[in-house]
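Have a look at entry.cif; it's mmCIF, C-alpha atoms and all ligand atoms:
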data_upload
loop_
_atom_site.group_PDB
_atom_site.id
_atom_site.type_symbol
_atom_site.label_atom_id
_atom_site.label_comp_id
_atom_site.auth_asym_id
_atom_site.auth_seq_id
_atom_site.Cartn_x
_atom_site.Cartn_y
_atom_site.Cartn_z
ATOM 1 C CA MET A 1068 4.525 -6.377 -22.343
ATOM 2 C CA SER A 1069 7.710 -4.760 -21.160
ATOM 3 C CA ALA A 1070 7.775 -1.955 -18.608
ATOM 4 C CA PHE A 1071 7.811 1.724 -19.576
ATOM 5 C CA VAL A 1072 11.335 2.232 -18.248
ATOM 6 C CA GLU A 1073 13.697 -0.707 -18.302
ATOM 7 C CA PHE A 1074 17.284 -0.650 -17.010
ATOM 8 C CA LYS A 1075 18.983 -3.971 -17.668
ATOM 9 C CA ASN A 1076 22.408 -4.793 -16.230
ATOM 10 C CA VAL A 1077 23.536 -1.198 -16.589
ATOM 11 C CA LYS A 1078 27.156 -0.430 -15.846
ATOM 12 C CA LYS A 1079 28.736 2.998 -15.871
ATOM 13 C CA THR A 1080 32.441 3.236 -15.275
ATOM 14 C CA TYR A 1081 34.379 6.485 -15.157
ATOM 15 C CA LYS A 1082 38.090 6.339 -15.784
ATOM 16 C CA THR A 1083 40.239 9.061 -14.299
ATOM 17 C CA GLY A 1084 43.858 8.235 -15.121
ATOM 18 C CA GLU A 1085 44.525 4.846 -13.531
ATOM 19 C CA VAL A 1086 41.471 5.004 -11.311
ATOM 20 C CA GLU A 1087 38.197 3.365 -12.326
ATOM 21 C CA ILE A 1088 34.998 4.413 -10.595
ATOM 22 C CA HIS A 1089 32.041 2.082 -10.909
ATOM 23 C CA ALA A 1090 29.277 4.650 -10.652
ATOM 24 C CA LEU A 1091 26.703 1.993 -11.600
ATOM 25 C CA ASN A 1092 27.505 -1.683 -11.276
ATOM 26 C CA ASP A 1093 24.926 -4.004 -12.815
ATOM 27 C CA VAL A 1094 21.819 -1.966 -12.143
ATOM 28 C CA SER A 1095 18.484 -3.425 -13.269
ATOM 29 C CA PHE A 1096 15.020 -2.081 -12.523
ATOM 30 C CA GLU A 1097 11.697 -1.322 -14.177
ATOM 31 C CA ILE A 1098 9.235 1.540 -13.833
ATOM 32 C CA GLU A 1099 5.665 1.237 -15.101
ATOM 33 C CA LYS A 1100 3.905 4.022 -16.967
ATOM 34 C CA GLY A 1101 2.442 6.553 -14.542
ATOM 35 C CA GLU A 1102 4.563 5.334 -11.655
ATOM 36 C CA PHE A 1103 6.161 7.788 -9.272
ATOM 37 C CA CYS A 1104 9.605 6.432 -8.480
ATOM 38 C CA VAL A 1105 11.932 7.889 -5.881
ATOM 39 C CA ILE A 1106 15.662 7.185 -5.806
ATOM 40 C CA VAL A 1107 17.413 7.601 -2.478
ATOM 41 C CA GLY A 1108 20.917 6.914 -1.216
ATOM 42 C CA ALA A 1109 24.031 8.536 0.169
ATOM 43 C CA SER A 1110 26.187 10.987 -1.763
ATOM 44 C CA GLY A 1111 28.110 9.254 -4.549
ATOM 45 C CA ALA A 1112 25.766 6.240 -4.614
ATOM 46 C CA GLY A 1113 24.955 6.689 -8.326
ATOM 47 C CA LYS A 1114 21.556 8.416 -8.199
ATOM 48 C CA THR A 1115 22.393 11.275 -10.568
ATOM 49 C CA THR A 1116 24.139 8.847 -12.904
ATOM 50 C CA ILE A 1117 20.875 6.905 -13.274
ATOM 51 C CA LEU A 1118 18.913 10.081 -14.002
ATOM 52 C CA ASN A 1119 21.501 11.395 -16.447
ATOM 53 C CA ILE A 1120 21.424 8.130 -18.378
ATOM 54 C CA LEU A 1121 17.634 8.045 -18.330
ATOM 55 C CA GLY A 1122 17.553 11.673 -19.471
ATOM 56 C CA GLY A 1123 19.883 11.012 -22.407
ATOM 57 C CA MET A 1124 22.618 13.229 -20.966
ATOM 58 C CA ASP A 1125 25.088 10.456 -20.322
ATOM 59 C CA THR A 1126 25.945 7.174 -22.011
ATOM 60 C CA LEU A 1127 26.452 3.811 -20.361
ATOM 61 C CA THR A 1128 29.446 1.502 -20.356
ATOM 62 C CA SER A 1129 27.349 -1.664 -20.851
ATOM 63 C CA GLY A 1130 23.818 -2.967 -20.469
ATOM 64 C CA SER A 1131 20.687 -1.456 -21.959
ATOM 65 C CA VAL A 1132 18.103 1.191 -21.202
ATOM 66 C CA LYS A 1133 14.694 1.245 -22.826
ATOM 67 C CA LEU A 1134 11.936 3.800 -22.652
ATOM 68 C CA ASP A 1135 8.553 2.740 -23.965
ATOM 69 C CA GLY A 1136 10.224 -0.056 -25.907
ATOM 70 C CA ALA A 1137 12.824 2.175 -27.592
ATOM 71 C CA GLU A 1138 16.425 1.375 -26.751
ATOM 72 C CA ILE A 1139 17.748 4.804 -25.861
ATOM 73 C CA SER A 1140 21.114 3.345 -24.891
ATOM 74 C CA ALA A 1141 21.659 2.561 -28.581
ATOM 75 C CA TYR A 1142 20.800 6.090 -29.771
ATOM 76 C CA ASN A 1143 23.391 8.151 -31.604
ATOM 77 C CA LYS A 1144 24.136 11.769 -30.696
ATOM 78 C CA LYS A 1145 21.442 13.194 -32.939
ATOM 79 C CA GLN A 1146 18.795 10.799 -31.667
ATOM 80 C CA LEU A 1147 19.784 11.627 -28.094
ATOM 81 C CA THR A 1148 19.423 15.353 -28.767
ATOM 82 C CA ALA A 1149 15.922 14.797 -30.114
ATOM 83 C CA TYR A 1150 15.113 12.514 -27.185
ATOM 84 C CA ARG A 1151 16.245 15.131 -24.646
ATOM 85 C CA ARG A 1152 14.371 17.824 -26.444
ATOM 86 C CA TYR A 1153 11.040 16.134 -27.031
ATOM 87 C CA ASP A 1154 10.639 13.235 -24.662
ATOM 88 C CA VAL A 1155 12.193 14.094 -21.311
ATOM 89 C CA GLY A 1156 11.444 16.845 -18.826
ATOM 90 C CA PHE A 1157 14.290 17.567 -16.421
ATOM 91 C CA VAL A 1158 14.326 19.646 -13.254
ATOM 92 C CA PHE A 1159 17.600 20.174 -11.393
ATOM 93 C CA GLN A 1160 18.667 21.468 -8.032
ATOM 94 C CA PHE A 1161 19.540 24.857 -9.534
ATOM 95 C CA TYR A 1162 16.867 26.224 -11.796
ATOM 96 C CA ASN A 1163 19.019 28.026 -14.386
ATOM 97 C CA LEU A 1164 16.378 30.489 -15.435
ATOM 98 C CA VAL A 1165 17.344 33.250 -17.833
ATOM 99 C CA GLY A 1166 17.751 36.292 -15.588
ATOM 100 C CA ASN A 1167 16.568 38.960 -17.984
ATOM 101 C CA LEU A 1168 13.396 37.134 -19.015
ATOM 102 C CA THR A 1169 10.186 37.080 -16.963
ATOM 103 C CA ALA A 1170 8.734 33.872 -15.549
ATOM 104 C CA LEU A 1171 6.362 33.680 -18.514
ATOM 105 C CA GLU A 1172 9.132 34.333 -21.047
ATOM 106 C CA ASN A 1173 11.331 31.695 -19.436
ATOM 107 C CA VAL A 1174 8.575 29.136 -19.861
ATOM 108 C CA GLU A 1175 7.783 30.318 -23.383
ATOM 109 C CA LEU A 1176 11.426 29.751 -24.260
ATOM 110 C CA ALA A 1177 10.803 26.020 -23.858
ATOM 111 C CA ALA A 1178 7.869 26.265 -26.249
ATOM 112 C CA GLN A 1179 10.293 27.182 -29.007
ATOM 113 C CA ILE A 1180 12.070 23.851 -28.879
ATOM 114 C CA CYS A 1181 9.149 21.469 -28.533
ATOM 115 C CA ARG A 1182 6.704 20.110 -31.064
ATOM 116 C CA GLU A 1183 3.348 20.719 -29.478
ATOM 117 C CA PRO A 1184 3.919 23.215 -26.705
ATOM 118 C CA LEU A 1185 1.244 23.833 -24.125
ATOM 119 C CA ASP A 1186 0.115 27.319 -23.250
ATOM 120 C CA ALA A 1187 2.814 28.846 -21.009
ATOM 121 C CA ALA A 1188 0.361 30.870 -18.898
ATOM 122 C CA THR A 1189 -1.801 27.800 -18.247
ATOM 123 C CA VAL A 1190 1.203 25.773 -17.194
ATOM 124 C CA LEU A 1191 2.383 28.541 -14.854
ATOM 125 C CA ASP A 1192 -1.084 28.513 -13.332
ATOM 126 C CA GLU A 1193 -0.730 24.803 -12.773
ATOM 127 C CA VAL A 1194 2.387 25.377 -10.638
ATOM 128 C CA ARG A 1195 0.512 28.114 -8.757
ATOM 129 C CA LEU A 1196 2.352 31.040 -10.279
ATOM 130 C CA GLY A 1197 -0.502 32.613 -12.205
ATOM 131 C CA ASP A 1198 0.054 35.894 -10.393
ATOM 132 C CA ARG A 1199 3.832 36.005 -10.802
ATOM 133 C CA MET A 1200 4.185 35.676 -14.568
ATOM 134 C CA THR A 1201 5.682 39.101 -15.177
ATOM 135 C CA ASN A 1202 8.262 38.796 -12.396
ATOM 136 C CA PHE A 1203 11.917 38.351 -13.267
ATOM 137 C CA PRO A 1204 13.749 35.477 -11.519
ATOM 138 C CA ALA A 1205 15.424 37.926 -9.118
ATOM 139 C CA GLN A 1206 11.941 38.996 -8.021
ATOM 140 C CA LEU A 1207 10.936 35.429 -7.166
ATOM 141 C CA SER A 1208 11.744 33.268 -4.151
ATOM 142 C CA GLY A 1209 13.872 30.157 -4.655
ATOM 143 C CA GLY A 1210 10.756 28.008 -4.413
ATOM 144 C CA GLU A 1211 8.957 30.111 -7.015
ATOM 145 C CA GLN A 1212 11.951 29.986 -9.335
ATOM 146 C CA GLN A 1213 12.011 26.229 -9.007
ATOM 147 C CA ARG A 1214 8.312 26.118 -9.879
ATOM 148 C CA VAL A 1215 9.067 28.160 -13.016
ATOM 149 C CA ALA A 1216 11.674 25.516 -13.870
ATOM 150 C CA ILE A 1217 9.049 22.807 -13.323
ATOM 151 C CA ALA A 1218 6.634 24.680 -15.599
ATOM 152 C CA ARG A 1219 9.387 24.882 -18.208
ATOM 153 C CA ALA A 1220 9.841 21.102 -18.044
ATOM 154 C CA LEU A 1221 6.083 20.549 -18.281
ATOM 155 C CA MET A 1222 5.804 22.565 -21.503
ATOM 156 C CA LEU A 1223 7.092 19.585 -23.435
ATOM 157 C CA SER A 1224 4.333 17.273 -22.126
ATOM 158 C CA PRO A 1225 7.251 14.889 -21.614
ATOM 159 C CA ASP A 1226 6.889 11.100 -21.583
ATOM 160 C CA ILE A 1227 8.954 11.097 -18.451
ATOM 161 C CA LEU A 1228 9.777 13.740 -15.864
ATOM 162 C CA CYS A 1229 13.074 13.552 -13.971
ATOM 163 C CA PHE A 1230 13.918 15.612 -10.915
ATOM 164 C CA ASP A 1231 17.395 15.653 -9.392
ATOM 165 C CA GLU A 1232 17.208 16.964 -5.834
ATOM 166 C CA PRO A 1233 14.703 19.657 -6.769
ATOM 167 C CA THR A 1234 14.478 21.098 -3.266
ATOM 168 C CA SER A 1235 17.942 20.715 -1.831
ATOM 169 C CA ALA A 1236 18.941 24.305 -2.652
ATOM 170 C CA LEU A 1237 15.847 25.663 -0.917
ATOM 171 C CA ASP A 1238 15.179 26.825 2.610
ATOM 172 C CA PRO A 1239 12.977 24.349 4.462
ATOM 173 C CA GLU A 1240 9.981 26.681 4.360
ATOM 174 C CA LEU A 1241 10.143 26.888 0.550
ATOM 175 C CA THR A 1242 10.645 23.163 0.123
ATOM 176 C CA GLY A 1243 7.056 22.311 1.055
ATOM 177 C CA GLU A 1244 5.452 24.377 -1.693
ATOM 178 C CA VAL A 1245 7.686 22.850 -4.365
ATOM 179 C CA LEU A 1246 7.043 19.307 -3.113
ATOM 180 C CA LYS A 1247 3.323 20.035 -3.108
ATOM 181 C CA VAL A 1248 3.484 21.029 -6.772
ATOM 182 C CA ILE A 1249 5.565 17.966 -7.675
ATOM 183 C CA GLY A 1250 3.132 15.720 -5.806
ATOM 184 C CA SER A 1251 0.206 17.303 -7.655
ATOM 185 C CA LEU A 1252 1.741 16.290 -11.003
ATOM 186 C CA LYS A 1253 1.277 12.647 -10.149
ATOM 187 C CA SER A 1254 -1.137 11.063 -12.591
ATOM 188 C CA SER A 1255 -1.568 7.841 -14.482
ATOM 189 C CA GLU A 1256 -0.101 9.562 -17.549
ATOM 190 C CA SER A 1257 3.106 11.060 -16.237
ATOM 191 C CA THR A 1258 5.927 8.783 -15.224
ATOM 192 C CA MET A 1259 8.150 10.512 -12.707
ATOM 193 C CA VAL A 1260 11.580 9.718 -11.324
ATOM 194 C CA ILE A 1261 12.850 11.820 -8.443
ATOM 195 C CA VAL A 1262 16.111 11.864 -6.552
ATOM 196 C CA THR A 1263 15.429 13.396 -3.180
ATOM 197 C CA HIS A 1264 16.477 13.398 0.429
ATOM 198 C CA GLU A 1265 12.934 14.292 1.511
ATOM 199 C CA MET A 1266 12.014 10.972 3.067
ATOM 200 C CA GLU A 1267 8.578 11.985 4.328
ATOM 201 C CA PHE A 1268 7.645 13.148 0.849
ATOM 202 C CA ALA A 1269 9.006 9.925 -0.666
ATOM 203 C CA ARG A 1270 7.022 7.847 1.784
ATOM 204 C CA LYS A 1271 3.764 9.693 1.119
ATOM 205 C CA VAL A 1272 3.854 10.203 -2.626
ATOM 206 C CA SER A 1273 5.904 7.471 -4.274
ATOM 207 C CA ASP A 1274 4.837 4.118 -5.676
ATOM 208 C CA LYS A 1275 8.329 2.695 -5.790
ATOM 209 C CA VAL A 1276 11.555 3.463 -3.935
ATOM 210 C CA ILE A 1277 15.025 2.511 -5.134
ATOM 211 C CA PHE A 1278 17.772 2.631 -2.524
ATOM 212 C CA MET A 1279 21.232 2.951 -4.084
ATOM 213 C CA ALA A 1280 24.485 2.212 -2.281
ATOM 214 C CA ASP A 1281 27.929 2.258 -3.918
ATOM 215 C CA GLY A 1282 26.637 1.918 -7.460
ATOM 216 C CA VAL A 1283 24.231 -0.944 -6.857
ATOM 217 C CA ILE A 1284 20.557 -1.226 -5.953
ATOM 218 C CA GLU A 1285 20.766 -2.322 -2.367
ATOM 219 C CA GLU A 1286 17.011 -2.495 -1.902
ATOM 220 C CA MET A 1287 13.918 -1.661 -3.927
ATOM 221 C CA GLY A 1288 10.236 -1.804 -3.068
ATOM 222 C CA THR A 1289 7.103 0.038 -2.038
ATOM 223 C CA PRO A 1290 7.500 2.954 0.390
ATOM 224 C CA ALA A 1291 6.115 0.735 3.166
ATOM 225 C CA GLU A 1292 8.695 -1.967 2.442
ATOM 226 C CA ILE A 1293 11.604 0.459 2.257
ATOM 227 C CA PHE A 1294 10.758 2.825 5.092
ATOM 228 C CA ASP A 1295 8.909 0.588 7.537
ATOM 229 C CA ASP A 1296 10.650 -2.698 6.969
ATOM 230 C CA PRO A 1297 14.202 -2.089 5.719
ATOM 231 C CA LYS A 1298 16.058 -5.370 5.303
ATOM 232 C CA SER A 1299 19.698 -4.486 4.691
ATOM 233 C CA ALA A 1300 21.988 -2.955 7.293
ATOM 234 C CA LYS A 1301 22.989 -0.273 4.761
ATOM 235 C CA LEU A 1302 19.403 0.891 4.326
ATOM 236 C CA GLN A 1303 18.706 0.807 8.056
ATOM 237 C CA ASN A 1304 21.827 2.860 8.615
ATOM 238 C CA PHE A 1305 20.918 5.322 5.867
ATOM 239 C CA LEU A 1306 17.409 5.840 7.225
ATOM 240 C CA ASN A 1307 18.715 6.397 10.741
ATOM 241 C CA LYS A 1308 21.252 8.917 9.480
ATOM 242 C CA SER A 1309 18.783 10.836 7.334
ATOM 243 C CA GLN A 1310 16.515 11.210 10.342
ATOM 244 C CA ASN A 1311 19.332 12.783 12.297
ATOM 245 C CA LEU A 1312 20.918 14.927 9.603
ATOM 246 C CA GLY A 1313 19.828 18.237 8.187
ATOM 247 C CA ILE A 1314 19.508 18.723 4.444
ATOM 248 C CA ASP A 1315 22.811 20.618 4.265
ATOM 249 C CA ASP A 1316 24.741 17.622 5.509
ATOM 250 C CA MET A 1317 23.431 15.540 2.621
ATOM 251 C CA GLU A 1318 24.194 18.089 -0.079
ATOM 252 C CA SER A 1319 25.249 16.765 -3.430
ATOM 253 C CA GLY A 1320 28.594 17.517 -4.982
ATOM 254 C CA PHE A 1321 27.919 17.342 -8.685
ATOM 255 C CA ASN A 1322 25.204 19.753 -9.528
ATOM 256 C CA ALA A 1323 27.378 22.627 -10.718
ATOM 257 C CA ARG A 1324 29.046 20.333 -13.247
ATOM 258 C CA GLU A 1325 25.710 18.843 -14.293
ATOM 259 C CA TRP A 1326 24.274 22.258 -14.867
ATOM 260 C CA ALA A 1327 27.223 23.453 -16.884
ATOM 261 C CA LYS A 1328 26.792 20.420 -19.142
ATOM 262 C CA VAL A 1329 23.066 20.876 -19.500
ATOM 263 C CA ALA A 1330 23.353 24.590 -20.206
ATOM 264 C CA GLN A 1331 25.987 23.859 -22.837
ATOM 265 C CA ASP A 1332 23.903 21.083 -24.435
ATOM 266 C CA GLY A 1333 20.805 23.268 -24.341
ATOM 267 C CA GLU A 1334 22.557 26.128 -26.089
ATOM 268 C CA GLU A 1335 23.914 23.736 -28.680
ATOM 269 C CA CYS A 1336 20.431 22.335 -29.327
ATOM 270 C CA LEU A 1337 19.006 25.774 -29.732
ATOM 271 C CA LYS A 1338 21.824 26.962 -31.978
ATOM 272 C CA ASP A 1339 21.558 23.802 -34.102
ATOM 273 C CA ASN A 1340 18.031 24.652 -34.856
ATOM 274 C CA GLU A 1341 18.631 28.368 -35.235
ATOM 275 C CA LEU A 1342 15.401 28.961 -33.381
ATOM 276 C CA ILE A 1343 16.776 31.298 -30.799
ATOM 277 C CA ARG A 1344 19.961 33.269 -30.556
ATOM 278 C CA PHE A 1345 21.344 34.059 -27.140
HETATM 279 N N1 LIG B 1 32.168 12.772 -14.656
HETATM 280 C C1 LIG B 1 32.615 11.969 -13.687
HETATM 281 N N2 LIG B 1 33.894 11.571 -13.663
HETATM 282 C C2 LIG B 1 34.354 10.729 -12.720
HETATM 283 N N3 LIG B 1 33.577 10.220 -11.730
HETATM 284 C C3 LIG B 1 32.290 10.593 -11.695
HETATM 285 C C4 LIG B 1 31.731 11.492 -12.671
HETATM 286 N N4 LIG B 1 30.425 11.654 -12.390
HETATM 287 C C5 LIG B 1 30.176 10.909 -11.294
HETATM 288 N N5 LIG B 1 31.292 10.272 -10.870
HETATM 289 C C6 LIG B 1 31.393 9.333 -9.740
HETATM 290 O O1 LIG B 1 30.350 8.382 -9.859
HETATM 291 C C7 LIG B 1 29.808 8.075 -8.588
HETATM 292 C C8 LIG B 1 28.307 8.321 -8.622
HETATM 293 O O2 LIG B 1 28.068 9.706 -8.790
HETATM 294 P P1 LIG B 1 26.610 10.348 -8.788
HETATM 295 O O3 LIG B 1 26.739 11.775 -9.171
HETATM 296 O O4 LIG B 1 25.693 9.495 -9.588
HETATM 297 O O5 LIG B 1 26.207 10.217 -7.238
HETATM 298 P P2 LIG B 1 24.903 10.714 -6.492
HETATM 299 O O6 LIG B 1 24.300 9.507 -5.843
HETATM 300 O O7 LIG B 1 24.051 11.509 -7.372
HETATM 301 O O8 LIG B 1 25.526 11.618 -5.338
HETATM 302 P P3 LIG B 1 25.001 13.032 -4.735
HETATM 303 O O9 LIG B 1 23.965 12.677 -3.687
HETATM 304 O O10 LIG B 1 26.249 13.594 -4.112
HETATM 305 O O11 LIG B 1 24.470 13.879 -5.842
HETATM 306 C C9 LIG B 1 30.551 8.916 -7.578
HETATM 307 O O12 LIG B 1 31.527 8.121 -6.963
HETATM 308 C C10 LIG B 1 31.203 9.993 -8.386
HETATM 309 O O13 LIG B 1 32.422 10.350 -7.825
HETATM 310 MG MG MG B 2 23.488 13.551 -7.423
#
Is it possible to give me this structure as structure tokens?
Amino acid sequence: MSAFVEFKNVKKTYKTGEVEIHALNDVSFEIEKGEFCVIVGASGAGKTTILNILGGMDTLTSGSVKLDGAEISAYNKKQLTAYRRYDVGFVFQFYNLVGNLTALENVELAAQICREPLDAATVLDEVRLGDRMTNFPAQLSGGEQQRVAIARALMLSPDILCFDEPTSALDPELTGEVLKVIGSLKSSESTMVIVTHEMEFARKVSDKVIFMADGVIEEMGTPAEIFDDPKSAKLQNFLNKSQNLGIDDMESGFNAREWAKVAQDGEECLKDNELIRF
């Protein structure tokens, strides 16, 4: 039997004028169902590119990507829209909640685009926001807003949950509560892939760690293998640096663009279906 997630010889090349950037260069890995996989690496290493491809938001240059046996890398635009809508839950660095809707309404919004939505209030309870449902985003802390975004992703009961630096916009004291919630979602049913710079969290919670460097998987293994027994000089260097640096120094540069794309895609999906009008 093949793995739940299967990346095989994936290449992603961006062309900007004469310049070619190999964001992913022959990347192959597998994730089993229910596994909690963390992707780490320096800025520009290709972490977001992996998540965007897995989440059906970006296409690949060559290779193949399968989820539960289905080759998503061969999907057309319509199939990808359905895949994003029904099969993947995505949580980003910036939560992009609708400002004039309450926490509950923001989560209910997701219910309108999925097939078998869960109960929004129950899901908000699950992320420990049962007593904040009527608050507007501006009346919530960054950590609480991010938990609303997690609840929104959970509404789909997605096959796979992807998180791209879910805590890097948060103050350190708010990071813990969000990581706690993410850790509590770990189960044999939900397959999770998280890009994070929170190494302690990765070490404690993950089953598998992928270390990316310059578009390739430099090292991959259990948290013990990666954190306690790093083999390559690049990984050793990265781990030393991340011990010495604050979160701000490791900030990502692409999230604004990612969000703009997602917001645009999301609005398109919703308009297509004429379910909601903004
Ligand atoms: N749309 C794009 N056009 C051109 N180059 C891009 C584009 N998106 C990403 N890249 C390049 O691809 C490489 C990988 O980018 P990616 O966003 O996956 O890195 P990352 O590991 O997520 O970094 P960060 O930690 O800063 O978020 C980088 O060199 C980046 O410059
Ligand atoms: Mg990134």
*asked:* Give me, as a ChimeraX atom specification, the set of residues whose atoms come within 9 Å of any atom of ligand LIG 1 (chain B), counting all atoms listed in the file.
replied: /A:1079-1083,1087-1091,1106-1119,1231-1232,1262-1264,1279-1282,1317-1322,1324-1325
*Determine the residue membership of the PyMOL selection byres (((chain A and resi 1221) around 12) and not hetatm) for the file above and supply it as an MDAnalysis selection string.*
chainID A and resid 1152:1158 1174:1175 1177:1178 1181 1183:1194 1214:1220 1222:1230 1248:1249 1252 1257 1259
Residues of the last selection are to be written out with C-alpha atoms, as a short mmCIF file (atom, residue, chain, number, x, y, z; two decimals), in the frame of the given file.
data_model
loop_
_atom_site.label_atom_id
_atom_site.label_comp_id
_atom_site.auth_asym_id
_atom_site.auth_seq_id
_atom_site.Cartn_x
_atom_site.Cartn_y
_atom_site.Cartn_z
CA ARG A 1152 14.37 17.82 -26.44
CA TYR A 1153 11.04 16.13 -27.03
CA ASP A 1154 10.64 13.24 -24.66
CA VAL A 1155 12.19 14.09 -21.31
CA GLY A 1156 11.44 16.84 -18.83
CA PHE A 1157 14.29 17.57 -16.42
CA VAL A 1158 14.33 19.65 -13.25
CA VAL A 1174 8.57 29.14 -19.86
CA GLU A 1175 7.78 30.32 -23.38
CA ALA A 1177 10.80 26.02 -23.86
CA ALA A 1178 7.87 26.26 -26.25
CA CYS A 1181 9.15 21.47 -28.53
CA GLU A 1183 3.35 20.72 -29.48
CA PRO A 1184 3.92 23.22 -26.70
CA LEU A 1185 1.24 23.83 -24.12
CA ASP A 1186 0.12 27.32 -23.25
CA ALA A 1187 2.81 28.85 -21.01
CA ALA A 1188 0.36 30.87 -18.90
CA THR A 1189 -1.80 27.80 -18.25
CA VAL A 1190 1.20 25.77 -17.19
CA LEU A 1191 2.38 28.54 -14.85
CA ASP A 1192 -1.08 28.51 -13.33
CA GLU A 1193 -0.73 24.80 -12.77
CA VAL A 1194 2.39 25.38 -10.64
CA ARG A 1214 8.31 26.12 -9.88
CA VAL A 1215 9.07 28.16 -13.02
CA ALA A 1216 11.67 25.52 -13.87
CA ILE A 1217 9.05 22.81 -13.32
CA ALA A 1218 6.63 24.68 -15.60
CA ARG A 1219 9.39 24.88 -18.21
CA ALA A 1220 9.84 21.10 -18.04
CA MET A 1222 5.80 22.56 -21.50
CA LEU A 1223 7.09 19.58 -23.44
CA SER A 1224 4.33 17.27 -22.13
CA PRO A 1225 7.25 14.89 -21.61
CA ASP A 1226 6.89 11.10 -21.58
CA ILE A 1227 8.95 11.10 -18.45
CA LEU A 1228 9.78 13.74 -15.86
CA CYS A 1229 13.07 13.55 -13.97
CA PHE A 1230 13.92 15.61 -10.92
CA VAL A 1248 3.48 21.03 -6.77
CA ILE A 1249 5.56 17.97 -7.68
CA LEU A 1252 1.74 16.29 -11.00
CA SER A 1257 3.11 11.06 -16.24
CA MET A 1259 8.15 10.51 -12.71
#
*Which of these residues is nearest to ligand MG 2 (chain B), using all atoms listed in the file: A:Phe1159, A:Tyr1150, A:Phe1074, A:Phe1096?*
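Using all atoms listed in the file, the shortest distance to ligand MG 2 (chain B) belongs to A:Phe1159.
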*Evaluating the PyMOL selection byres (((chain A and resi 1205-1209) around 10) and not hetatm) on the displayed file yields which residues, as an NGL selection string?*
:A and (1161-1162 or 1164 or 1166-1167 or 1169-1170 or 1199 or 1201-1204 or 1210-1215 or 1234 or 1236-1238 or 1241-1242 or 1245)
*Give me, please, the distance in Å between atom CA of Met1124 of chain A and atom CA of Glu1265 of chain A, quoted to one decimal.*
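Here the two named atoms are 24.5 Å from each other.
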Assuming 8 Å of padding per side, give the centre and edge lengths of the axis-aligned box around every listed atom of segment 1204-1216 of chain A, in Å to one decimal and as AutoDock Vina command-line options.
--center_x 11.9 --center_y 32.3 --center_z -9.0 --size_x 23.1 --size_y 29.5 --size_z 25.7
_One-decimal distance in Å that lies between atom CA of Val1077 of chain A and atom CA of Leu1127 of chain A_ =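 So the answer is 6.9 Å.
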*Between atom CA of Ser1140 of chain A and atom CA of Ile1277 of chain A, measure the distance and give it in Å to one decimal.*
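Result for atom CA of Ser1140 of chain A versus atom CA of Ile1277 of chain A: 20.7 Å, one decimal.
The residue that comes closest to Gly1136 of chain A, out of A:Val1283, A:Phe1071, A:Ser1255, A:Leu1306 and on the basis of all atoms listed in the file, is A:Phe1071.
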_Counting all atoms listed in the file, which residue out of A:Glu1286, A:Pro1233, A:Asp1296, A:Arg1151 sits closest to ligand MG 2 (chain B)?_
A:Pro1233
_My list of candidates is A:Glu1267, A:Asn1173, A:Gln1303, A:Ile1261. Which is closest to ligand MG 2 (chain B) when distances are computed with only C-alpha atoms and all ligand atoms?_
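Distance minimum relative to ligand MG 2 (chain B) lands on A:Ile1261.
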*Between A:Leu1134, A:Val1260, A:Ala1291, A:Ala1149, which has the minimum distance to Glu1073 of chain A (counting only C-alpha atoms)?*
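Smallest distance to Glu1073 of chain A is found for A:Leu1134.
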*Taking into account all atoms listed in the file, which residue in the set A:Ser1095, A:Met1287, A:Leu1171, A:Asp1295 is nearest to Gly1130 of chain A?*
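Checking each candidate against Gly1130 of chain A, we get A:Ser1095 as the closest.
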Could N, CA and C atoms be built for segment 1081-1089 of chain A and written out as a compact mmCIF listing (two decimals), keeping the file's coordinate frame?
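Now in part.txt:
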# COMPACT_ATOMS: atom_id res chain seq x y z
N TYR A 1081 33.60 5.29 -14.82
CA TYR A 1081 34.38 6.48 -15.16
C TYR A 1081 35.85 6.15 -14.96
N LYS A 1082 36.64 6.55 -15.94
CA LYS A 1082 38.09 6.34 -15.78
C LYS A 1082 38.76 7.69 -15.61
N THR A 1083 39.46 7.84 -14.50
CA THR A 1083 40.24 9.06 -14.30
C THR A 1083 41.68 8.62 -14.10
N GLY A 1084 42.48 8.74 -15.17
CA GLY A 1084 43.86 8.24 -15.12
C GLY A 1084 43.81 6.73 -14.91
N GLU A 1085 44.48 6.28 -13.85
CA GLU A 1085 44.52 4.85 -13.53
C GLU A 1085 43.28 4.38 -12.78
N VAL A 1086 42.57 5.36 -12.21
CA VAL A 1086 41.47 5.00 -11.31
C VAL A 1086 40.16 4.77 -12.07
N GLU A 1087 39.51 3.66 -11.75
CA GLU A 1087 38.20 3.36 -12.33
C GLU A 1087 37.14 3.52 -11.25
N ILE A 1088 36.10 4.29 -11.56
CA ILE A 1088 35.00 4.41 -10.60
C ILE A 1088 33.77 3.74 -11.18
N HIS A 1089 33.25 2.77 -10.45
CA HIS A 1089 32.04 2.08 -10.91
C HIS A 1089 30.82 2.83 -10.37
